[in-house]
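*Asks:* Take a look at this one; I'll ask things after.
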Amino acid sequence: MAAQDFQDLCTFESFKSFWHSYGYGVDQQGLIEQEFNRIKGLTYLDHAGTTLFPKSQIKAFYDDISRNIYGNPHSHNPCSRLTHDTVETVRYRILQHFNTSPEEYSVIFTSGCTAALKLVADTFPWTAGSSQNPGSQFCFLTDNHTSVVGMRGALALNGISTVPVRPQEVEKRKPSAQTKSEDVSSVSHLFCYPAQSNFSGRKYPLSYVKEIQSGQLYPACQHSGRWFVLLDAACFVSCSPLDLSRCPADFVPISFYKIFGFPTGLGALLVRNEAAELLRKTYFGGGTAAAYLAEENYFIPKPNVISRFEDGTISFLDIISLYHGFETLRKLTGSMLNIQHHTFGLARYTFMMLSCLRHNNGKPVAQIHGDNDFQNMAEQGPIINFSLLDDQGQTVGYSQVDKMASLFNIHFRTGCFCNTGACQHYLSISNQTVKSNLHAGHICGDNIDLVDGCPTGSLRVSFGYMSSFEDSQNFLQFVVNNFVSKPLILDQIRLARFKSPSVMKASVSYDLALIPNDQPRHKSELKTTASAESTTTKSEDTEQNNHSTHTLTNIFIYPVKSCASFQVTEWPLGPQGLLYDRLWMVVNENAVCLNQKREPKLCLICPVICLASNTMKLHAAGLYIKYYTCI
Ligand SMILES: *Cc1c(COP(=O)(O)O)cnc(C)c1O
């Protein structure tokens, strides 16, 4: 992108036209007013965690279930038939959404993407290795979600070899001229990769599917046998259209809340009918049997593939709500392609702005974790993964950024995003470091963001179809205001009285050294100063107070609110507490009080009060200020 184009993007008006060439032309403000007024005042940027449901989806669902009576689909009364038929309509609608049909694919409902992955791990026709036969291979890209990597858990026990594959190894592969030989071996292998990384938003080529199936992708895939592909589409499908007629992956696990925001706890395994025939199941639950005996080990599954894999009663009301999910999404946005354009446009703009931000010494503010420059929406989803750096190039801990963001009602995700492989790759964390960080007390999902100054995770912002340009602006403004070092312009500092000045009068005070259990205790001798004493003064009332003596070791006063403290050993008291404590505040040209949240450099300003000359001086290391005021 040319510099001029970039400059143009920085202005709102030109951004709007740029964005419109991406966006779906809906009235974004109207959409938020009508459907998402609950997010007003909040900058929600964790759509890869879960997106948000629109109001009318819930309304339509509510109207539906208030009008109709849906029975248990395993019964045979009319209510049950209604449930059965509606669920079948939803299965059809799901297949349609992914541009395929019941002739090619089946929909197996699960509790989510993770349960779908576990189902494949448990039922795939694995062959254990032996001295004659190397057995099945379980290959997976290292940029996979934990729930994919975890499939190996049960496999190792059964003698199946696990082969982690780095994305770079796949990219560097030599095109294989060799065409697939007619394979007589009956060994089945599985290759798993994400259609979109949930860490970086990188999209992996969907063309891998056919290449793997024909044994051409990676040297490991040339192991004799039949290669199946599991395409983890959970992250991808939330903002992109997926066409299974063009990339016929054998297994496609998804979670519906990532598309619609509601319902949660419902996902599906889309499985190619050809592959479904080969799955082997051991457990059988309600609804899966054609016949079985309680007293004999006799079980015959139902002939229908789907009903073999859905143990027990499906989540039928939630499944029915999916119908309204698809309908509402289409009404609000038109199509997944529109959503893709809209969200990609926002992510691209945010990426460009963030990667151009500089501290006043010229060093970059953000380190982007990704291999993509957001030029092509076929290669990148609406996710930006990054770390913030200080002006010395040190990483700012993600928890610090997260806490700060929540003060401004900006919500994104931090940590490793259930994708240790990608996290290690982008943050250069060795296997040894992961183990030693665990010993140092850091576990996945906690707040320990830095160990020995090195980051244990990063920050991720992700967009959804209702995200707006303002969301992006709020986020960027937050970074600029809080994490970009700029010269503090002290000419503009003004002090204003925060409290009315109090005249130092002899007034009631307490001898702090003698107050037991925080209870004020009137003493006969009144003092006009509080004193820090290095030794403990024992109460005279030894019988009652012999365990509750207190020592005052330091006195810190904060003459200017939000600036540094002034430390003294003895100080006069006024009627409102320590004299001159929090008497002033720093205001901007509009007389608005500044605080450290808005201007962290205030903490460098050290006030010094000289009682003898009745003056206050402000010092700030490295900021060249000299400010005197008469008090
Ligand atoms: C979210 C996600 C999962 C896990 O989905 P659950 O809903 O937690 O089961 C798996 N893979 C990817 C790529 C994801 O984004």
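Chain identifiers are assigned as A, B, and so on, following the order in which chains appear in the structure tokens; residues are numbered from 1 within each chain, and ligands are numbered from 1 in order of appearance.
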Give the residues close to ligand 1, within 6 Å, counting only C-alpha atoms and all ligand atoms; write them as a ChimeraX atom specification.
*Replies:* /A:112-114,145,147,194,197-198,232,234-235,255
*Asks:* So that I have them on file, write out the residues from the current selection with N, CA, C and O atoms, as a compact mmCIF listing (two decimals), in the first residue's frame.
*Replies:*
```txt
# COMPACT_ATOMS: atom_id res chain seq x y z
N GLY A 112 -20.04 -29.66 20.90
CA GLY A 112 -19.16 -28.60 20.44
C GLY A 112 -18.08 -29.17 19.55
O GLY A 112 -18.05 -30.38 19.28
N CYS A 113 -17.19 -28.30 19.11
CA CYS A 113 -16.10 -28.73 18.25
C CYS A 113 -15.22 -29.76 18.96
O CYS A 113 -14.83 -30.77 18.38
N THR A 114 -14.93 -29.51 20.22
CA THR A 114 -14.06 -30.40 20.98
C THR A 114 -14.65 -31.81 21.04
O THR A 114 -13.95 -32.80 20.82
N HIS A 145 -5.47 -26.14 17.50
CA HIS A 145 -6.05 -25.94 18.82
C HIS A 145 -5.71 -27.12 19.73
O HIS A 145 -5.55 -28.25 19.24
N SER A 147 -7.54 -28.87 21.46
CA SER A 147 -8.51 -29.96 21.32
C SER A 147 -8.16 -30.92 20.18
O SER A 147 -8.61 -32.05 20.18
N PRO A 194 -6.08 -26.72 10.78
CA PRO A 194 -7.16 -25.74 10.94
C PRO A 194 -7.36 -24.97 9.65
O PRO A 194 -6.39 -24.59 8.99
N SER A 197 -6.20 -20.43 11.70
CA SER A 197 -5.57 -20.54 13.02
C SER A 197 -6.33 -19.68 14.01
O SER A 197 -6.59 -18.50 13.75
N ASN A 198 -6.66 -20.23 15.15
CA ASN A 198 -7.36 -19.43 16.16
C ASN A 198 -6.37 -18.51 16.88
O ASN A 198 -6.77 -17.64 17.63
N ASP A 232 -10.27 -28.59 10.80
CA ASP A 232 -10.88 -27.92 11.96
C ASP A 232 -11.37 -26.55 11.49
O ASP A 232 -10.57 -25.64 11.27
N ALA A 234 -13.67 -24.63 13.10
CA ALA A 234 -14.36 -23.89 14.17
C ALA A 234 -14.11 -22.39 14.09
O ALA A 234 -15.03 -21.58 14.26
N CYS A 235 -12.87 -22.01 13.82
CA CYS A 235 -12.54 -20.59 13.80
C CYS A 235 -12.91 -19.98 12.44
O CYS A 235 -13.46 -18.89 12.36
N SER A 255 -18.28 -25.43 16.13
CA SER A 255 -19.09 -25.03 17.30
C SER A 255 -20.00 -23.90 16.84
O SER A 255 -19.53 -22.95 16.22
```
*Asks:* With a distance cut-off of 12 Å and only C-alpha atoms, select the neighbouring residues of Asn68 (chain A), excluding the residue or stretch itself and same-chain residues fewer than 6 positions from it, and output the selection as a list in words.
*Replies:*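 Residues near the query, excluding close chain neighbours: Phe61, Tyr62, Pro78, Cys79, Ser80, Arg81, Leu82, Thr83, Thr86, Leu317 and Ile320 of chain A.
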*Asks:* Restricted to N, CA and C atoms, what would the selected residues look like written as an mmCIF file, in the first residue's frame?
*Replies:*
```cif
data_model
loop_
_atom_site.group_PDB
_atom_site.id
_atom_site.type_symbol
_atom_site.label_atom_id
_atom_site.label_comp_id
_atom_site.auth_asym_id
_atom_site.auth_seq_id
_atom_site.Cartn_x
_atom_site.Cartn_y
_atom_site.Cartn_z
ATOM 1 N N PHE A 61 -36.626 -17.236 18.033
ATOM 2 C CA PHE A 61 -36.562 -18.552 18.685
ATOM 3 C C PHE A 61 -37.621 -18.648 19.782
ATOM 4 N N TYR A 62 -37.716 -17.579 20.550
ATOM 5 C CA TYR A 62 -38.698 -17.554 21.639
ATOM 6 C C TYR A 62 -40.122 -17.695 21.084
ATOM 7 N N PRO A 78 -47.169 -36.825 17.891
ATOM 8 C CA PRO A 78 -47.037 -35.724 16.922
ATOM 9 C C PRO A 78 -46.014 -34.663 17.333
ATOM 10 N N CYS A 79 -45.913 -34.374 18.640
ATOM 11 C CA CYS A 79 -44.916 -33.383 19.083
ATOM 12 C C CYS A 79 -43.514 -33.882 18.753
ATOM 13 N N SER A 80 -43.310 -35.179 18.904
ATOM 14 C CA SER A 80 -41.994 -35.740 18.635
ATOM 15 C C SER A 80 -41.687 -35.700 17.147
ATOM 16 N N ARG A 81 -42.725 -35.951 16.359
ATOM 17 C CA ARG A 81 -42.533 -35.899 14.897
ATOM 18 C C ARG A 81 -42.128 -34.495 14.481
ATOM 19 N N LEU A 82 -42.785 -33.523 15.106
ATOM 20 C CA LEU A 82 -42.469 -32.132 14.776
ATOM 21 C C LEU A 82 -40.987 -31.859 15.076
ATOM 22 N N THR A 83 -40.536 -32.323 16.238
ATOM 23 C CA THR A 83 -39.130 -32.130 16.587
ATOM 24 C C THR A 83 -38.241 -32.824 15.558
ATOM 25 N N THR A 86 -38.237 -30.978 12.258
ATOM 26 C CA THR A 86 -37.551 -29.678 12.321
ATOM 27 C C THR A 86 -36.038 -29.886 12.400
ATOM 28 N N LEU A 317 -33.946 -28.481 21.327
ATOM 29 C CA LEU A 317 -34.389 -27.073 21.257
ATOM 30 C C LEU A 317 -33.257 -26.177 20.758
ATOM 31 N N ILE A 320 -33.044 -26.525 17.114
ATOM 32 C CA ILE A 320 -34.108 -25.763 16.448
ATOM 33 C C ILE A 320 -33.740 -24.270 16.401
#
```
*Asks:* Using only C-alpha atoms, pick whichever of A:Lys435, A:His342, A:Thr162, A:His74 has the shortest atom-to-atom distance to Ala289 (chain A).
*Replies:* A:His74
*Asks:* Please run DSSP on the backbone and report, as number ranges by chain, all residues within region 255-296 of chain A that come out as helix (DSSP H, G or I).
*Replies:* A: 257-260, 273-276
*Asks:* Now that the selection is made, can you save its residues with C-alpha atoms as a PDB file, in the first residue's frame?
*Replies:*
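Saved file selection_24.pdb follows:
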```pdb
ATOM      1  CA  TYR A 257     -21.687 -20.177  19.101  1.00  0.00           C
ATOM      2  CA  LYS A 258     -18.714 -19.068  17.019  1.00  0.00           C
ATOM      3  CA  ILE A 259     -21.066 -18.330  14.120  1.00  0.00           C
ATOM      4  CA  PHE A 260     -24.229 -17.150  15.898  1.00  0.00           C
ATOM      5  CA  ASN A 273     -20.676 -40.341   4.184  1.00  0.00           C
ATOM      6  CA  GLU A 274     -17.881 -42.408   2.692  1.00  0.00           C
ATOM      7  CA  ALA A 275     -15.726 -41.852   5.762  1.00  0.00           C
ATOM      8  CA  ALA A 276     -18.622 -42.247   8.198  1.00  0.00           C
TER       9      ALA A 276
END
```
*Asks:* Please identify all polymer residues within 12 Å of Arg246 (chain A), counting only C-alpha atoms, omitting same-chain residues fewer than 4 positions from it, and present them as a ChimeraX atom specification.
*Replies:* /A:98-100,205-210,241-242
*Asks:* Can you tell me, as a PDB file with N, CA, C and O atoms, in the first residue's frame, what residues are no more than 8 Å from Leu346 (chain A) when counting only C-alpha atoms, ignoring any on the same chain fewer than 2 positions away?
*Replies:*
```pdb
ATOM      1  N   TRP A  19     -13.783   1.259   3.302  1.00  0.00           N
ATOM      2  CA  TRP A  19     -14.423   0.164   4.004  1.00  0.00           C
ATOM      3  C   TRP A  19     -15.668  -0.303   3.238  1.00  0.00           C
ATOM      4  O   TRP A  19     -15.981  -1.473   3.170  1.00  0.00           O
ATOM      5  N   HIS A 342     -16.598  -7.479   5.378  1.00  0.00           N
ATOM      6  CA  HIS A 342     -16.730  -6.482   6.440  1.00  0.00           C
ATOM      7  C   HIS A 342     -15.667  -6.670   7.531  1.00  0.00           C
ATOM      8  O   HIS A 342     -14.957  -5.735   7.897  1.00  0.00           O
ATOM      9  N   THR A 343     -15.567  -7.887   8.028  1.00  0.00           N
ATOM     10  CA  THR A 343     -14.648  -8.134   9.145  1.00  0.00           C
ATOM     11  C   THR A 343     -13.198  -8.039   8.688  1.00  0.00           C
ATOM     12  O   THR A 343     -12.346  -7.530   9.419  1.00  0.00           O
ATOM     13  N   PHE A 344     -12.932  -8.480   7.481  1.00  0.00           N
ATOM     14  CA  PHE A 344     -11.564  -8.387   6.977  1.00  0.00           C
ATOM     15  C   PHE A 344     -11.160  -6.924   6.804  1.00  0.00           C
ATOM     16  O   PHE A 344     -10.033  -6.532   7.145  1.00  0.00           O
ATOM     17  N   ARG A 348      -7.993  -5.402   8.644  1.00  0.00           N
ATOM     18  CA  ARG A 348      -6.913  -4.893   7.814  1.00  0.00           C
ATOM     19  C   ARG A 348      -6.561  -3.450   8.210  1.00  0.00           C
ATOM     20  O   ARG A 348      -5.401  -3.084   8.353  1.00  0.00           O
ATOM     21  N   TYR A 349      -7.588  -2.653   8.402  1.00  0.00           N
ATOM     22  CA  TYR A 349      -7.359  -1.264   8.824  1.00  0.00           C
ATOM     23  C   TYR A 349      -6.645  -1.235  10.182  1.00  0.00           C
ATOM     24  O   TYR A 349      -5.661  -0.526  10.371  1.00  0.00           O
ATOM     25  N   THR A 350      -7.145  -2.023  11.126  1.00  0.00           N
ATOM     26  CA  THR A 350      -6.563  -2.035  12.469  1.00  0.00           C
ATOM     27  C   THR A 350      -5.119  -2.528  12.417  1.00  0.00           C
ATOM     28  O   THR A 350      -4.237  -1.976  13.073  1.00  0.00           O
ATOM     29  N   PRO A 382     -10.234 -12.284  10.311  1.00  0.00           N
ATOM     30  CA  PRO A 382     -10.281 -11.006  11.035  1.00  0.00           C
ATOM     31  C   PRO A 382      -9.751 -11.087  12.460  1.00  0.00           C
ATOM     32  O   PRO A 382     -10.452 -10.770  13.417  1.00  0.00           O
ATOM     33  N   PHE A 463     -12.653  -9.639  15.181  1.00  0.00           N
ATOM     34  CA  PHE A 463     -13.857  -8.893  14.802  1.00  0.00           C
ATOM     35  C   PHE A 463     -15.010  -9.817  14.429  1.00  0.00           C
ATOM     36  O   PHE A 463     -14.790 -10.960  14.031  1.00  0.00           O
ATOM     37  N   SER A 468     -17.691  -2.499  14.528  1.00  0.00           N
ATOM     38  CA  SER A 468     -17.792  -1.260  13.755  1.00  0.00           C
ATOM     39  C   SER A 468     -16.442  -0.568  13.683  1.00  0.00           C
ATOM     40  O   SER A 468     -15.503  -0.921  14.398  1.00  0.00           O
ATOM     41  N   PHE A 469     -16.397   0.427  12.844  1.00  0.00           N
ATOM     42  CA  PHE A 469     -15.194   1.237  12.719  1.00  0.00           C
ATOM     43  C   PHE A 469     -14.844   1.882  14.055  1.00  0.00           C
ATOM     44  O   PHE A 469     -13.680   1.982  14.426  1.00  0.00           O
ATOM     45  N   SER A 472     -12.755  -0.340  16.236  1.00  0.00           N
ATOM     46  CA  SER A 472     -11.357  -0.322  15.844  1.00  0.00           C
ATOM     47  C   SER A 472     -10.679   0.965  16.349  1.00  0.00           C
ATOM     48  O   SER A 472      -9.583   0.928  16.904  1.00  0.00           O
TER      49      SER A 472
END
```
*Asks:* Using DSSP on the backbone coordinates, identify all residues within region 290-419 of chain A classified as strand (DSSP E); present the result as a VMD selection string.
*Replies:* chain A and resid 290 to 293 298 to 301 366 to 368 383 to 388 410 to 411 413 to 415
*Asks:* Of the candidates A:Ile94, A:Leu42, A:Gly421, A:Thr395, which shows the shortest atom-to-atom distance to Val149 (chain A), using only C-alpha atoms?
*Replies:*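 For Val149 (chain A), the nearest of the given residues is A:Gly421.
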*Asks:* For Leu389 (chain A), work out the shell of residues within 7 Å, counting only C-alpha atoms and skipping chain neighbours fewer than 6 positions away, then give it as JSON, numbers by chain.
*Replies:* {"A": [365, 366, 395, 396]}
*Asks:* Give me the residues near region 550-564 of chain A as a VMD selection string, where near means some atom within 6 Å (using only C-alpha atoms) and where sequence neighbours in that chain fewer than 2 positions away do not count.
*Replies:* chain A and resid 513 532 536 566 to 569 580 to 585 595 to 596 602 to 603 605 to 606
*Asks:* Keeping only C-alpha atoms, take the residues you just selected and write them out as a PDB file, in the first residue's frame.
*Replies:*
```pdb
ATOM      1  CA  ALA A 513       1.793   5.227  67.683  1.00  0.00           C
ATOM      2  CA  ALA A 532       7.142   8.780  62.476  1.00  0.00           C
ATOM      3  CA  THR A 536       7.637   1.498  69.122  1.00  0.00           C
ATOM      4  CA  PHE A 566       6.439  13.282  49.085  1.00  0.00           C
ATOM      5  CA  GLN A 567       8.028  11.428  51.971  1.00  0.00           C
ATOM      6  CA  VAL A 568       8.458  13.075  55.380  1.00  0.00           C
ATOM      7  CA  THR A 569       9.037  11.953  58.926  1.00  0.00           C
ATOM      8  CA  TYR A 580      -1.646  19.768  51.815  1.00  0.00           C
ATOM      9  CA  ASP A 581      -2.325  16.093  51.069  1.00  0.00           C
ATOM     10  CA  ARG A 582      -4.171  15.815  47.698  1.00  0.00           C
ATOM     11  CA  LEU A 583      -4.729  19.501  47.642  1.00  0.00           C
ATOM     12  CA  TRP A 584      -3.920  19.963  43.946  1.00  0.00           C
ATOM     13  CA  MET A 585      -4.686  18.161  40.751  1.00  0.00           C
ATOM     14  CA  ASN A 595      -5.009  10.942  36.217  1.00  0.00           C
ATOM     15  CA  GLN A 596      -2.431   8.217  35.762  1.00  0.00           C
ATOM     16  CA  LEU A 602       2.242  11.846  36.006  1.00  0.00           C
ATOM     17  CA  CYS A 603       3.819   9.322  38.363  1.00  0.00           C
ATOM     18  CA  ILE A 605       6.329  14.204  38.856  1.00  0.00           C
ATOM     19  CA  CYS A 606       7.613  14.568  42.407  1.00  0.00           C
TER      20      CYS A 606
END
```
*Asks:* Of the candidates A:Glu104, A:Glu295, A:Asp371, A:Asp390, which shows the shortest atom-to-atom distance to Arg272 (chain A), using only C-alpha atoms?
*Replies:* A:Glu104
*Asks:* Restricting the calculation to only C-alpha atoms: of A:Glu379, A:Glu310, A:Asp143, A:Asp250, which residue gets closest to Arg202 (chain A)?
*Replies:* A:Glu379
*Asks:* Between A:Ile384, A:Leu230, A:Ala620, A:Val87, which one has atoms that come closest to Val461 (chain A), using only C-alpha atoms?
*Replies:*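 When distances to Val461 (chain A) are compared using only C-alpha atoms, the smallest one comes from A:Ile384.
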*Asks:* Neighbouring residues of His324 (chain A) were defined as those with any atom within 7 Å, considering only C-alpha atoms; residues of the same chain fewer than 3 positions away were excluded. Please report them as an MDAnalysis selection string.
*Replies:* chainID A and resid 57 60:61 321 327:328
*Asks:* Hey, can you spit out that residue selection with C-alpha atoms as a PDB file, in the first residue's frame?
*Replies:*
```
ATOM      1  CA  GLN A  57     -32.572 -14.248  16.734  1.00  0.00           C
ATOM      2  CA  ALA A  60     -37.650 -15.493  16.711  1.00  0.00           C
ATOM      3  CA  PHE A  61     -36.562 -18.552  18.685  1.00  0.00           C
ATOM      4  CA  SER A 321     -32.699 -22.383  17.455  1.00  0.00           C
ATOM      5  CA  GLU A 327     -32.261 -16.955   9.060  1.00  0.00           C
ATOM      6  CA  THR A 328     -31.367 -13.939  11.189  1.00  0.00           C
TER       7      THR A 328
END
```
